[in-house]
There are 2 protein chains.
Amino acid sequence: MDRPEAYPITYGVLGLLAFWGPMSGYDLKRLFDHALAPMWAAAHSQIYKELRRMQELGWVEMEREEQETRPDRKVYHMTQAGREALAAWQAQPSEVLQLRDELLLKITFGSFAPPAAVAANLRAGIAFHEQRLLQYRQNLQQLPVYQQPRQASGRPNPYASESEEDRYFSLVARFAIAFEKTYLDWLYETLASVEAEKPEESK
Amino acid sequence: MDRPEAYPITYGVLGLLAFWGPMSGYDLKRLFDHALAPMWAAAHSQIYKELRRMQELGWVEMEREEQETRPDRKVYHMTQAGREALAAWQAQPSEVLQLRDELLLKITFGSFAPPAAVAANLRAGIAFHEQRLLQYRQNLQQLPVYQQPRQASGRPNPYASESEEDRYFSLVARFAIAFEKTYLDWLYETLASVEAEKPEESK
DNA sequence: TATATCATGTAATCGGTTACATGATTAA
DNA sequence: TTAATCATGTAACCGATTACATGATATA
């Protein structure tokens with residue numbers, strides 16, 4: 001009976017609307033992938049669900065933008081109630097992160113497979129996380145690019161100046177990079193440890 | 001149509017049975033909480049589901065242990081097919097970790113709340129993760145405790161000696177600790193940064 | 001007396017994922 | 001010509017969470 005009316009992803013969508021101004025579900029999905037992927041991923045179907053939910057809550061409103069060559073754009077903008085919900089969220093306690101990583105689980109039971117298989121898994125992880133680290137570093141440098149579509153219509157945020165808003169984004173981006181580095185350090189060390197155990201397996 | 005027959009949590013339960021020998025769903029839940037919580041948490045209802053799933057796959061078998069004062073214990077043990085499935089899992093590619101952290105998301109949009117609220121969120125995160133780090137460190141030292149219930153019935157694992165099995169567990173436990181440390185470092189730095197911005201807000 | 005633990009499950013709900021669906025434009 | 005992108009959604013499924021359920025024992 002006490003189900004929350006909104007979830008982290010709801011506020012993720014709402015925050016993007018607050019930060020970058022009105023846009024469509026399609027735009028939101030792309031922004032999500034670039035700006036929020038490190039801490040919360042979302043499929044486009046989920047974003048559309050959240051937009052519908054917030055519309056019912058009165059947190060956003062939709063306006064049709066007619067297009068001749070493509071389907072109409074449904075542009076969503078945040079309402080005053082939405083802004084208040086976003087601020088109220090900050091005062092609520094947060095669910096604490098629970099890792100759910102198949103690779104870690106697999107390595108845990110690595111003793112039930114030949115060491116070469118464990119090493120292969122570690123190498124696959126290294127390849128992926130190296131690429132992601134690279135991408136996060138590029139995102140950090142490209143962050144200002146995404147600020148162009150923001151309309152500065154009368155400074156709607158009473159809590160922070162524009163430069164302070166950016167600070168939070170780059171602070172979290174730095175966490176994402178630190179996390180990937182920690183993960184990679186561990187992967188390399190673990191790989192070395194696994195290969196050291198069976199030197200004849202390494203090629 | 002191509003849904004997998006098993007999921008990471010399935011192999012988590014299977015791995016515990018392989019490692020510690022036959023036990024009940026209740027035992028599995030407790031072991032899960034102590035040994036696998038850092039990389040994959042599970043509710044007891046989920047564990048019972050997985051046991052049913054694996055029974056249908058022929059990966060485990062159940063034997064009733066009658067008890068007078070309590071309900072009968074249903075003790076599950078791994079079959080040969082289960083052992084093969086566990087090994088085959090190691091050769092399959094892994095889903096890559098996707099963080100889903102409400103606190104990070106909240107901080108990202110911290111500019112829509114007063115800095116004191118952001119600082120409060122960071123402090124709550126610090127309190128929780130400090131405690132978790134402590135718990136992980138204790139778990140690492142207590143790891144040998146959980147090895148007592150293991151029955152060494154004819155060395156059923158051809159890939160690793162008993163000491164090597166333990167190595168993987170402590171390797172992953174070390175990751176969990178490294179992760180918590182990275183998270184805490186970031187929390188402290190971010191808190192300092194937020195408090196430095198508005199010195200009159202800090203109390 | 002009341003809470004916690006032992007011990008086992010079922011049922012309902014829901015966020016998240018995957019697949020399905022449409023149709024035009026544009027670049028390889 | 002084929003694939004990708006723009007643009008918008010719906011439907012089905014499922015892992016995971018929460019709540020419901022039972023009943024004895026032990027501890028505060």
# chains A, B, ... in the order shown; residues from 1 in each chain; ligands from 1

$ select_by_dssp --residues "region 65-145 of chain A" --states "helix (DSSP H, G or I)" --output "number ranges by chain"
A: 80-90, 102-108, 110-112, 115-145

$ interface_residues --of "chain D" --to "chain A" --cutoff "8 Å" --atoms "only C-alpha atoms (C1' of nucleotides)" --output "list in words"
DC6, DA7, DT8 and DG9 of chain D

$ closest_residue --among "C:DA2, C:DC14, C:DA19, C:DA7" --to "chain B" --atoms "only C-alpha atoms (C1' of nucleotides)"
C:DA7

$ closest_residue --among "B:Gln80, B:Thr182, B:Gln135, B:Thr10" --to "chain A" --atoms "only C-alpha atoms"
B:Thr182

$ residues_around --residues "Met54 (chain B)" --least-positions-apart "5" --cutoff "12 Å" --atoms "only C-alpha atoms (C1' of nucleotides)" --output "list in words"
Glu5, Ala6, Tyr7, Ile9, Thr10, Tyr11, Gly12, Val13, Leu14, Leu17, Ile47, Tyr48, Lys49, Trp59, Val60, Glu61, Met62, Tyr76, His77, Met78, Thr79, Ala81, Gly82, Arg83, Ala85 and Leu86 of chain B

$ decode --residues "chain C" --atoms "N, CA, C and O atoms (P, O5', C5', C4', C3', O3' and C1' of nucleotides)" --output "mmCIF file, in the first residue's frame"
data_model
loop_
_atom_site.group_PDB
_atom_site.id
_atom_site.type_symbol
_atom_site.label_atom_id
_atom_site.label_comp_id
_atom_site.auth_asym_id
_atom_site.auth_seq_id
_atom_site.Cartn_x
_atom_site.Cartn_y
_atom_site.Cartn_z
ATOM 1 P P DT C 1 1.010 -12.727 29.237
ATOM 2 O "O5'" DT C 1 2.067 -11.581 28.870
ATOM 3 C "C5'" DT C 1 2.200 -10.281 29.228
ATOM 4 C "C4'" DT C 1 3.128 -9.702 28.191
ATOM 5 C "C3'" DT C 1 2.715 -9.942 26.738
ATOM 6 O "O3'" DT C 1 2.790 -8.705 26.044
ATOM 7 C "C1'" DT C 1 4.954 -10.707 27.065
ATOM 8 P P DA C 2 2.295 -8.572 24.564
ATOM 9 O "O5'" DA C 2 3.685 -8.402 23.818
ATOM 10 C "C5'" DA C 2 4.705 -7.581 24.397
ATOM 11 C "C4'" DA C 2 6.005 -7.797 23.658
ATOM 12 C "C3'" DA C 2 5.831 -7.942 22.144
ATOM 13 O "O3'" DA C 2 6.830 -7.182 21.484
ATOM 14 C "C1'" DA C 2 6.968 -9.830 23.002
ATOM 15 P P DT C 3 6.630 -6.741 19.994
ATOM 16 O "O5'" DT C 3 8.067 -7.014 19.373
ATOM 17 C "C5'" DT C 3 9.231 -6.721 20.149
ATOM 18 C "C4'" DT C 3 10.240 -7.832 20.005
ATOM 19 C "C3'" DT C 3 10.624 -8.154 18.548
ATOM 20 O "O3'" DT C 3 11.969 -7.778 18.357
ATOM 21 C "C1'" DT C 3 10.404 -10.115 19.880
ATOM 22 P P DA C 4 12.638 -7.764 16.905
ATOM 23 O "O5'" DA C 4 13.448 -9.122 16.883
ATOM 24 C "C5'" DA C 4 14.332 -9.419 17.968
ATOM 25 C "C4'" DA C 4 14.856 -10.833 17.824
ATOM 26 C "C3'" DA C 4 15.194 -11.238 16.382
ATOM 27 O "O3'" DA C 4 16.513 -11.753 16.356
ATOM 28 C "C1'" DA C 4 13.792 -12.865 17.390
ATOM 29 P P DT C 5 17.196 -12.114 14.966
ATOM 30 O "O5'" DT C 5 17.110 -13.701 14.895
ATOM 31 C "C5'" DT C 5 17.546 -14.455 16.018
ATOM 32 C "C4'" DT C 5 17.083 -15.891 15.883
ATOM 33 C "C3'" DT C 5 17.322 -16.499 14.486
ATOM 34 O "O3'" DT C 5 18.097 -17.671 14.631
ATOM 35 C "C1'" DT C 5 15.145 -16.976 15.260
ATOM 36 P P DC C 6 18.562 -18.510 13.365
ATOM 37 O "O5'" DC C 6 17.494 -19.692 13.334
ATOM 38 C "C5'" DC C 6 17.505 -20.691 14.356
ATOM 39 C "C4'" DC C 6 16.415 -21.708 14.082
ATOM 40 C "C3'" DC C 6 16.522 -22.384 12.699
ATOM 41 O "O3'" DC C 6 16.358 -23.782 12.836
ATOM 42 C "C1'" DC C 6 14.363 -21.464 13.004
ATOM 43 P P DA C 7 16.898 -24.771 11.760
ATOM 44 O "O5'" DA C 7 15.849 -24.536 10.582
ATOM 45 C "C5'" DA C 7 14.607 -25.232 10.622
ATOM 46 C "C4'" DA C 7 13.672 -24.768 9.549
ATOM 47 C "C3'" DA C 7 14.252 -24.415 8.180
ATOM 48 O "O3'" DA C 7 14.285 -25.597 7.375
ATOM 49 C "C1'" DA C 7 12.304 -23.148 8.786
ATOM 50 P P DT C 8 14.541 -25.464 5.809
ATOM 51 O "O5'" DT C 8 13.131 -25.045 5.212
ATOM 52 C "C5'" DT C 8 12.002 -25.863 5.487
ATOM 53 C "C4'" DT C 8 10.749 -25.224 4.953
ATOM 54 C "C3'" DT C 8 10.798 -24.841 3.476
ATOM 55 O "O3'" DT C 8 10.252 -25.869 2.677
ATOM 56 C "C1'" DT C 8 9.614 -23.262 4.832
ATOM 57 P P DG C 9 10.626 -25.901 1.118
ATOM 58 O "O5'" DG C 9 10.069 -24.514 0.593
ATOM 59 C "C5'" DG C 9 8.946 -24.598 -0.166
ATOM 60 C "C4'" DG C 9 7.842 -23.644 0.329
ATOM 61 C "C3'" DG C 9 7.267 -22.817 -0.795
ATOM 62 O "O3'" DG C 9 6.338 -23.599 -1.510
ATOM 63 C "C1'" DG C 9 7.274 -21.687 1.323
ATOM 64 P P DT C 10 5.927 -23.073 -2.949
ATOM 65 O "O5'" DT C 10 4.807 -21.995 -2.605
ATOM 66 C "C5'" DT C 10 3.715 -22.349 -1.785
ATOM 67 C "C4'" DT C 10 2.728 -21.188 -1.741
ATOM 68 C "C3'" DT C 10 2.338 -20.641 -3.115
ATOM 69 O "O3'" DT C 10 0.944 -20.365 -3.083
ATOM 70 C "C1'" DT C 10 3.314 -18.912 -1.838
ATOM 71 P P DA C 11 0.230 -19.887 -4.449
ATOM 72 O "O5'" DA C 11 0.239 -18.294 -4.280
ATOM 73 C "C5'" DA C 11 -0.218 -17.717 -3.060
ATOM 74 C "C4'" DA C 11 -0.442 -16.222 -3.257
ATOM 75 C "C3'" DA C 11 -0.786 -15.807 -4.688
ATOM 76 O "O3'" DA C 11 -1.790 -14.797 -4.615
ATOM 77 C "C1'" DA C 11 1.242 -14.763 -4.019
ATOM 78 P P DA C 12 -2.338 -14.119 -5.943
ATOM 79 O "O5'" DA C 12 -1.622 -12.688 -5.867
ATOM 80 C "C5'" DA C 12 -1.639 -11.984 -4.632
ATOM 81 C "C4'" DA C 12 -0.915 -10.654 -4.787
ATOM 82 C "C3'" DA C 12 -1.188 -9.927 -6.109
ATOM 83 O "O3'" DA C 12 -1.354 -8.546 -5.819
ATOM 84 C "C1'" DA C 12 1.137 -10.298 -5.872
ATOM 85 P P DT C 13 -1.817 -7.539 -6.953
ATOM 86 O "O5'" DT C 13 -0.505 -6.679 -7.169
ATOM 87 C "C5'" DT C 13 0.270 -6.324 -6.026
ATOM 88 C "C4'" DT C 13 1.649 -5.884 -6.474
ATOM 89 C "C3'" DT C 13 1.649 -5.030 -7.751
ATOM 90 O "O3'" DT C 13 2.146 -3.762 -7.391
ATOM 91 C "C1'" DT C 13 3.388 -6.663 -7.753
ATOM 92 P P DC C 14 2.041 -2.551 -8.390
ATOM 93 O "O5'" DC C 14 3.535 -2.372 -8.881
ATOM 94 C "C5'" DC C 14 4.614 -2.652 -7.984
ATOM 95 C "C4'" DC C 14 5.913 -2.687 -8.754
ATOM 96 C "C3'" DC C 14 5.842 -1.895 -10.061
ATOM 97 O "O3'" DC C 14 7.069 -1.217 -10.216
ATOM 98 C "C1'" DC C 14 6.547 -4.082 -10.501
ATOM 99 P P DG C 15 7.159 0.235 -10.858
ATOM 100 O "O5'" DG C 15 8.696 0.261 -11.194
ATOM 101 C "C5'" DG C 15 9.647 -0.039 -10.170
ATOM 102 C "C4'" DG C 15 10.849 -0.728 -10.766
ATOM 103 C "C3'" DG C 15 11.471 0.006 -11.941
ATOM 104 O "O3'" DG C 15 12.881 -0.119 -11.813
ATOM 105 C "C1'" DG C 15 10.740 -2.150 -12.645
ATOM 106 P P DG C 16 13.832 0.559 -12.928
ATOM 107 O "O5'" DG C 16 14.055 -0.658 -13.921
ATOM 108 C "C5'" DG C 16 14.589 -1.863 -13.408
ATOM 109 C "C4'" DG C 16 14.860 -2.821 -14.548
ATOM 110 C "C3'" DG C 16 15.397 -2.172 -15.824
ATOM 111 O "O3'" DG C 16 16.497 -2.954 -16.270
ATOM 112 C "C1'" DG C 16 13.452 -3.425 -16.326
ATOM 113 P P DT C 17 17.241 -2.615 -17.636
ATOM 114 O "O5'" DT C 17 16.784 -3.791 -18.603
ATOM 115 C "C5'" DT C 17 16.827 -5.134 -18.118
ATOM 116 C "C4'" DT C 17 16.263 -6.070 -19.160
ATOM 117 C "C3'" DT C 17 16.766 -5.818 -20.586
ATOM 118 O "O3'" DT C 17 17.296 -7.040 -21.080
ATOM 119 C "C1'" DT C 17 14.390 -5.960 -20.557
ATOM 120 P P DT C 18 17.975 -7.070 -22.532
ATOM 121 O "O5'" DT C 18 16.792 -7.632 -23.447
ATOM 122 C "C5'" DT C 18 16.020 -8.727 -22.972
ATOM 123 C "C4'" DT C 18 14.947 -9.075 -23.984
ATOM 124 C "C3'" DT C 18 15.360 -8.877 -25.441
ATOM 125 O "O3'" DT C 18 15.047 -10.072 -26.149
ATOM 126 C "C1'" DT C 18 13.303 -7.754 -24.995
ATOM 127 P P DA C 19 15.331 -10.153 -27.748
ATOM 128 O "O5'" DA C 19 13.868 -9.919 -28.328
ATOM 129 C "C5'" DA C 19 12.775 -10.600 -27.739
ATOM 130 C "C4'" DA C 19 11.469 -10.121 -28.360
ATOM 131 C "C3'" DA C 19 11.521 -9.928 -29.871
ATOM 132 O "O3'" DA C 19 10.397 -10.578 -30.439
ATOM 133 C "C1'" DA C 19 10.672 -7.990 -28.838
ATOM 134 P P DC C 20 10.141 -10.507 -32.036
ATOM 135 O "O5'" DC C 20 8.983 -9.406 -32.135
ATOM 136 C "C5'" DC C 20 7.772 -9.606 -31.411
ATOM 137 C "C4'" DC C 20 6.826 -8.442 -31.658
ATOM 138 C "C3'" DC C 20 6.646 -8.093 -33.135
ATOM 139 O "O3'" DC C 20 5.254 -8.001 -33.424
ATOM 140 C "C1'" DC C 20 7.197 -6.158 -31.897
ATOM 141 P P DA C 21 4.770 -7.983 -34.943
ATOM 142 O "O5'" DA C 21 4.658 -6.410 -35.220
ATOM 143 C "C5'" DA C 21 3.828 -5.590 -34.395
ATOM 144 C "C4'" DA C 21 3.993 -4.148 -34.778
ATOM 145 C "C3'" DA C 21 4.345 -3.879 -36.245
ATOM 146 O "O3'" DA C 21 3.170 -3.462 -36.924
ATOM 147 C "C1'" DA C 21 5.473 -2.406 -34.734
ATOM 148 P P DT C 22 3.170 -3.318 -38.522
ATOM 149 O "O5'" DT C 22 3.374 -1.746 -38.726
ATOM 150 C "C5'" DT C 22 2.805 -0.824 -37.807
ATOM 151 C "C4'" DT C 22 3.352 0.556 -38.086
ATOM 152 C "C3'" DT C 22 3.758 0.799 -39.546
ATOM 153 O "O3'" DT C 22 2.978 1.833 -40.088
ATOM 154 C "C1'" DT C 22 5.426 1.584 -38.055
ATOM 155 P P DG C 23 2.719 1.934 -41.653
ATOM 156 O "O5'" DG C 23 3.795 3.009 -42.118
ATOM 157 C "C5'" DG C 23 3.738 4.331 -41.595
ATOM 158 C "C4'" DG C 23 5.033 5.054 -41.879
ATOM 159 C "C3'" DG C 23 5.676 4.712 -43.227
ATOM 160 O "O3'" DG C 23 6.112 5.911 -43.820
ATOM 161 C "C1'" DG C 23 7.247 4.584 -41.563
ATOM 162 P P DA C 24 6.064 6.134 -45.381
ATOM 163 O "O5'" DA C 24 6.941 7.457 -45.588
ATOM 164 C "C5'" DA C 24 6.737 8.582 -44.729
ATOM 165 C "C4'" DA C 24 8.071 9.099 -44.235
ATOM 166 C "C3'" DA C 24 9.102 9.320 -45.342
ATOM 167 O "O3'" DA C 24 9.373 10.711 -45.469
ATOM 168 C "C1'" DA C 24 10.051 8.181 -43.460
ATOM 169 P P DT C 25 10.350 11.190 -46.643
ATOM 170 O "O5'" DT C 25 11.792 11.164 -45.962
ATOM 171 C "C5'" DT C 25 12.067 11.989 -44.837
ATOM 172 C "C4'" DT C 25 13.494 11.758 -44.375
ATOM 173 C "C3'" DT C 25 14.573 12.028 -45.418
ATOM 174 O "O3'" DT C 25 15.545 12.899 -44.866
ATOM 175 C "C1'" DT C 25 14.891 9.902 -44.429
ATOM 176 P P DT C 26 16.564 13.657 -45.810
ATOM 177 O "O5'" DT C 26 17.924 12.861 -45.532
ATOM 178 C "C5'" DT C 26 18.347 12.624 -44.202
ATOM 179 C "C4'" DT C 26 19.450 11.584 -44.179
ATOM 180 C "C3'" DT C 26 20.508 11.747 -45.277
ATOM 181 O "O3'" DT C 26 21.792 11.633 -44.681
ATOM 182 C "C1'" DT C 26 19.746 9.532 -45.214
ATOM 183 P P DA C 27 23.024 12.469 -45.274
ATOM 184 O "O5'" DA C 27 24.199 11.401 -45.152
ATOM 185 C "C5'" DA C 27 24.432 10.758 -43.914
ATOM 186 C "C4'" DA C 27 24.832 9.313 -44.128
ATOM 187 C "C3'" DA C 27 26.048 9.115 -45.049
ATOM 188 O "O3'" DA C 27 26.957 8.243 -44.398
ATOM 189 C "C1'" DA C 27 24.268 7.727 -45.750
ATOM 190 P P DA C 28 28.417 8.025 -44.959
ATOM 191 O "O5'" DA C 28 28.398 6.500 -45.421
ATOM 192 C "C5'" DA C 28 28.146 5.483 -44.448
ATOM 193 C "C4'" DA C 28 28.080 4.124 -45.121
ATOM 194 C "C3'" DA C 28 29.258 3.807 -46.037
ATOM 195 O "O3'" DA C 28 29.713 2.474 -45.809
ATOM 196 C "C1'" DA C 28 27.233 3.629 -47.259
#
